[in-house]
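Trainee: Input file: my_file_20.cif. Contents: mmCIF, C-alpha atoms.
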```cif
data_data
#
loop_
_atom_site.label_atom_id
_atom_site.label_comp_id
_atom_site.auth_asym_id
_atom_site.auth_seq_id
_atom_site.Cartn_x
_atom_site.Cartn_y
_atom_site.Cartn_z
CA MET A 1 60.09 203.84 113.61
CA LYS A 2 57.30 201.41 112.64
CA ARG A 3 59.47 199.87 109.91
CA THR A 4 62.32 199.33 112.40
CA ARG A 5 59.92 197.62 114.79
CA ILE A 6 58.59 195.28 112.07
CA ILE A 7 62.15 194.40 111.03
CA SER A 8 63.09 193.79 114.67
CA ILE A 9 60.11 191.49 115.19
CA ALA A 10 60.89 189.59 111.96
CA MET A 11 64.52 189.15 113.05
CA VAL A 12 63.49 187.90 116.50
CA LEU A 13 61.06 185.38 115.00
CA ALA A 14 63.66 184.17 112.48
CA LEU A 15 66.33 183.84 115.16
CA CYS A 16 63.88 182.06 117.47
CA LEU A 17 63.19 179.48 114.79
CA CYS A 18 66.91 179.06 114.13
CA GLY A 19 67.56 178.82 117.86
CA MET A 20 64.98 176.05 118.14
CA ALA A 21 66.60 174.14 115.29
CA PHE A 22 70.07 174.49 116.74
CA ALA A 23 68.90 173.65 120.27
CA GLY A 24 67.27 170.47 118.98
CA SER A 25 70.28 169.38 116.93
CA ALA A 26 72.70 170.12 119.75
CA VAL A 27 70.79 167.75 122.01
CA LEU A 28 70.88 165.06 119.33
CA LYS A 29 74.62 165.37 118.76
CA ALA A 30 75.28 165.27 122.50
CA ASP A 31 73.37 161.98 122.79
CA ASN A 32 76.03 159.42 121.93
CA THR A 33 74.08 156.41 123.20
CA ALA A 34 73.13 155.50 119.63
CA PRO A 35 76.09 154.59 117.43
CA LYS A 36 76.51 156.58 114.23
CA THR A 37 75.50 154.68 111.08
CA SER A 38 77.91 154.06 108.24
CA THR A 39 75.19 155.26 105.85
CA PRO A 40 73.35 158.20 107.45
CA TYR A 41 69.86 157.52 106.11
CA TYR A 42 66.69 158.06 108.08
CA VAL A 43 64.94 154.74 108.68
CA GLY A 44 61.86 156.29 110.25
CA GLY A 45 58.79 156.56 108.05
CA THR A 46 56.28 154.51 106.11
CA TRP A 47 57.48 151.68 103.88
CA GLN A 48 55.81 149.14 101.55
CA PHE A 49 57.13 145.59 101.50
CA THR A 50 56.74 142.58 99.27
CA GLY A 51 58.34 139.16 99.48
CA GLY A 52 57.77 135.61 100.52
CA GLY A 53 59.36 132.34 101.36
CA THR A 54 58.34 129.16 103.10
CA TYR A 55 56.23 128.38 106.16
CA ASN A 56 56.65 124.74 107.25
CA GLY A 57 57.83 124.01 103.71
CA TYR A 58 54.81 125.64 102.00
CA GLU A 59 55.49 128.61 99.74
CA TYR A 60 53.83 131.93 100.52
CA SER A 61 53.88 135.55 99.39
CA ASP A 62 53.42 138.51 101.69
CA THR A 63 52.77 142.20 100.99
CA GLY A 64 52.05 145.06 103.33
CA THR A 65 53.01 148.23 105.12
CA LEU A 66 55.80 148.86 107.61
CA VAL A 67 55.83 152.00 109.76
CA ILE A 68 58.99 152.68 111.74
CA GLU A 69 58.77 155.40 114.39
CA THR A 70 62.02 156.99 115.57
CA TYR A 71 63.55 159.97 117.24
CA GLY A 72 66.91 161.53 116.50
CA GLY A 73 68.75 162.58 113.39
CA ALA A 74 70.26 160.57 110.56
CA GLY A 75 73.05 158.53 112.05
CA TYR A 76 71.66 158.93 115.58
CA GLU A 77 68.13 157.55 115.25
CA THR A 78 66.56 155.36 117.87
CA ILE A 79 63.67 153.16 116.79
CA THR A 80 60.76 153.48 119.23
CA GLN A 81 58.12 151.37 117.51
CA VAL A 82 57.66 149.10 114.50
CA TYR A 83 54.17 148.60 113.05
CA LYS A 84 53.66 145.97 110.37
CA ALA A 85 50.45 144.98 108.60
CA GLY A 86 50.17 142.61 105.67
CA THR A 87 48.43 139.88 103.77
CA VAL A 88 49.86 136.38 103.35
CA ILE A 89 48.83 134.38 100.26
CA SER A 90 49.59 130.69 99.73
CA GLY A 91 48.26 128.45 96.98
CA GLY A 92 46.33 131.38 95.51
CA TYR A 93 44.35 131.93 98.75
CA VAL A 94 44.61 134.55 101.47
CA VAL A 95 45.71 132.55 104.49
CA ASN A 96 46.41 135.36 106.93
CA ARG A 97 45.88 139.08 107.41
CA TYR A 98 47.93 140.43 110.26
CA GLU A 99 48.73 143.63 112.10
CA ASP A 100 51.48 143.88 114.74
CA THR A 101 52.83 146.79 116.76
CA ILE A 102 56.15 146.13 118.44
CA PRO A 103 57.46 148.71 120.93
CA ALA A 104 61.22 149.10 120.76
CA ASN A 105 64.20 151.04 122.03
CA ILE A 106 66.76 150.18 119.37
CA PRO A 107 69.67 152.47 118.41
CA TYR A 108 69.72 152.37 114.61
CA THR A 109 73.09 151.45 113.08
CA GLY A 110 72.11 150.77 109.44
CA SER A 111 70.36 147.52 110.34
CA PHE A 112 68.31 146.21 113.23
CA SER A 113 66.68 142.97 114.36
CA ILE A 114 63.52 142.12 116.24
CA VAL A 115 63.14 138.74 117.94
CA TYR A 116 59.67 137.56 118.92
CA ASP A 117 57.36 134.55 119.39
CA GLY A 118 59.98 132.11 120.53
CA SER A 119 62.94 132.54 118.25
CA ILE A 120 61.68 134.22 115.07
CA THR A 121 64.09 136.94 113.99
CA GLU A 122 63.32 139.74 111.56
CA THR A 123 66.51 141.48 110.38
CA TYR A 124 66.16 144.79 108.51
CA THR A 125 69.03 146.33 106.51
CA GLN A 126 68.71 149.69 104.79
CA THR A 127 70.34 149.63 101.35
CA GLY A 128 69.63 153.25 100.32
CA PRO A 129 67.67 156.30 101.44
CA ASP A 130 64.39 154.76 100.25
CA THR A 131 65.20 151.03 100.02
CA MET A 132 65.61 148.23 102.50
CA VAL A 133 65.62 144.44 102.66
CA PHE A 134 64.56 142.18 105.51
CA SER A 135 64.47 138.52 106.34
CA LEU A 136 62.16 136.54 108.61
CA VAL A 137 63.69 133.30 109.89
CA GLY A 138 63.19 130.98 112.83
CA THR A 139 60.83 128.65 114.62
CA ASP A 140 57.90 129.84 116.72
CA ARG A 141 56.72 128.37 120.05
CA ASP A 142 54.46 125.91 118.22
CA GLY A 143 57.33 124.52 116.11
CA ASN A 144 56.36 126.31 112.87
CA VAL A 145 59.40 127.07 110.71
CA TYR A 146 59.67 130.41 108.83
CA ASP A 147 62.08 131.43 106.07
CA GLY A 148 61.14 134.63 104.22
CA HIS A 149 62.94 137.39 102.34
CA TYR A 150 61.53 140.81 101.44
CA THR A 151 62.26 144.04 99.59
CA VAL A 152 61.01 147.32 101.03
CA THR A 153 60.57 150.80 99.53
CA ARG A 154 59.75 154.02 101.32
CA SER A 155 56.27 155.34 100.64
CA GLY A 156 56.15 158.10 103.25
CA GLY A 157 58.43 160.67 104.81
CA SER A 158 60.88 160.16 107.59
CA SER A 159 59.56 160.27 111.12
CA GLY A 160 62.89 161.08 112.70
CA GLY A 161 65.08 164.13 112.92
CA GLY A 162 64.29 167.69 112.00
CA CYS A 163 63.39 170.59 114.24
CA SER A 164 61.50 170.11 117.41
CA ALA A 165 59.02 172.93 117.90
CA GLY A 166 59.17 172.26 121.62
CA SER A 167 62.89 173.06 121.85
CA PHE A 168 63.85 176.53 122.99
CA SER A 169 67.29 177.83 123.81
CA PRO A 170 67.34 180.15 126.85
CA LEU A 171 69.80 182.39 124.97
CA VAL A 172 67.10 183.17 122.42
CA ALA A 173 65.28 185.07 125.19
CA LEU A 174 68.06 187.68 124.99
CA LEU A 175 66.80 188.58 121.52
CA PHE A 176 63.64 190.03 123.06
CA ILE A 177 65.53 192.69 125.09
CA PRO A 178 65.72 195.23 122.21
CA LEU A 179 61.96 194.94 121.73
CA LEU A 180 61.30 195.52 125.42
CA LEU A 181 63.60 198.53 125.50
CA GLN A 182 62.01 199.91 122.33
CA ARG A 183 58.54 199.53 123.87
CA LYS A 184 59.46 201.81 126.80
CA LYS A 185 60.35 204.72 124.44
#
```
Could you rewrite the structure in this file as structure tokens?

Mentor:
Amino acid sequence: MKRTRIISIAMVLALCLCGMAFAGSAVLKADNTAPKTSTPYYVGGTWQFTGGGTYNGYEYSDTGTLVIETYGGAGYETITQVYKAGTVISGGYVVNRYEDTIPANIPYTGSFSIVYDGSITETYTQTGPDTMVFSLVGTDRDGNVYDGHYTVTRSGGSSGGGCSAGSFSPLVALLFIPLLLQRKK
């Protein structure tokens, strides 16, 4: 009797976890507001970038960290925030250390762009599961001209997709009925 009860409890817990996973993925698949990507890679996570270009005709190099926060599964991710911190070097000297957090609501389609400070556009394109390129081009409000190109590699796990521990299918509650009936015996 005790062994049957332990097995029943283990089955209920396993099915609850599966129910949570399926409930979460069903919600994601039903949300068709974000177009499906041609390459279903997760873009969410922590990335390291390196690159450079010109700023008002002066050459610079730039290295740093990019953190992309998302929700949704591969092919259905929506970018909710982009954090970027880096160090700009020109002429052998550090000319700028920066840190920017940009809130977003961007359906991810394999690439995305962020426009800020006048008409500066950063365009990100994922080239593989752990690789990406981006460009920074445009003129800011003060008339400064930017032209930069970067390579990016993933350094941390994906922040999108997976199970949501908060998801619970009401049908999973039916799995508890045998335990309740067994308790009355």

Trainee: For Ile106 of chain A, please output as an NGL selection string all residues within 10 Å (counting only C-alpha atoms; exclusion window: fewer than 3 positions along the same chain).

Mentor: :A and (34 or 70 or 77-81 or 103 or 109 or 112-114)

Trainee: On this file, the PyMOL selection byres ((chain A and resi 43) around 12) gives some set of residues; write that set as number ranges by chain.

Mentor: A: 37, 39-42, 44-47, 66-82, 106-112, 124-133, 152-161

Trainee: So the first atom is atom CA of Gly92 of chain A and the second is atom CA of Val137 of chain A; what is the distance between them in Å, to one decimal place?

Mentor: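 Separation between atom CA of Gly92 of chain A and atom CA of Val137 of chain A: 22.6 Å.
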
Trainee: Neighbours of Thr139 of chain A within 9 Å (all atoms listed in the file; same-chain residues fewer than 2 positions away dropped), as a list in words?

Mentor: Asp117, Gly118, Ser119, Ile120, Thr121, Val137, Arg141, Asp142, Gly143, Asn144, Val145 and Tyr146 of chain A

Trainee: Since I can't run it myself right now, could you work out what the PyMOL selection byres ((chain A and resi 90) around 9) selects here and report it as a PyMOL selection string?

Mentor: chain A and resi 58-62+88-89+91-95

Trainee: In Å to one decimal, how far is atom CA of Gly57 of chain A from atom CA of Tyr98 of chain A?

Mentor: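 Atom-to-atom, atom CA of Tyr98 of chain A and atom CA of Gly57 of chain A are spaced 20.3 Å apart.
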
Trainee: Grab the atom CA of Phe134 of chain A to atom CA of Gly52 of chain A distance for me, in Å with one decimal place.

Mentor: 10.7 Å

Trainee: Excluding Gly64 of chain A and residues on its chain fewer than 5 positions from it, collect all residues at most 6 Å away from it, counting only C-alpha atoms, and give them as an NGL selection string.

Mentor: :A and (48-49 or 85-86)

Trainee: Give me a file of those residues, with C-alpha atoms, as a PDB file, in the frame of the given file.

Mentor:
```pdb
ATOM      1  CA  GLN A  48      55.810 149.140 101.550  1.00  0.00           C
ATOM      2  CA  PHE A  49      57.130 145.590 101.500  1.00  0.00           C
ATOM      3  CA  ALA A  85      50.450 144.980 108.600  1.00  0.00           C
ATOM      4  CA  GLY A  86      50.170 142.610 105.670  1.00  0.00           C
TER       5      GLY A  86
END
```

Trainee: So which one's closest to Gly51 of chain A, A:Thr87, A:Thr151, A:Thr101, A:Asn96? Using all atoms listed in the file, please.

Mentor: A:Thr151

Trainee: I want to know what sits within 6 Å of Gly148 of chain A, based on all atoms listed in the file, with residues of the same chain fewer than 5 positions away left out; could you give that as a count of residues only?

Mentor: 4
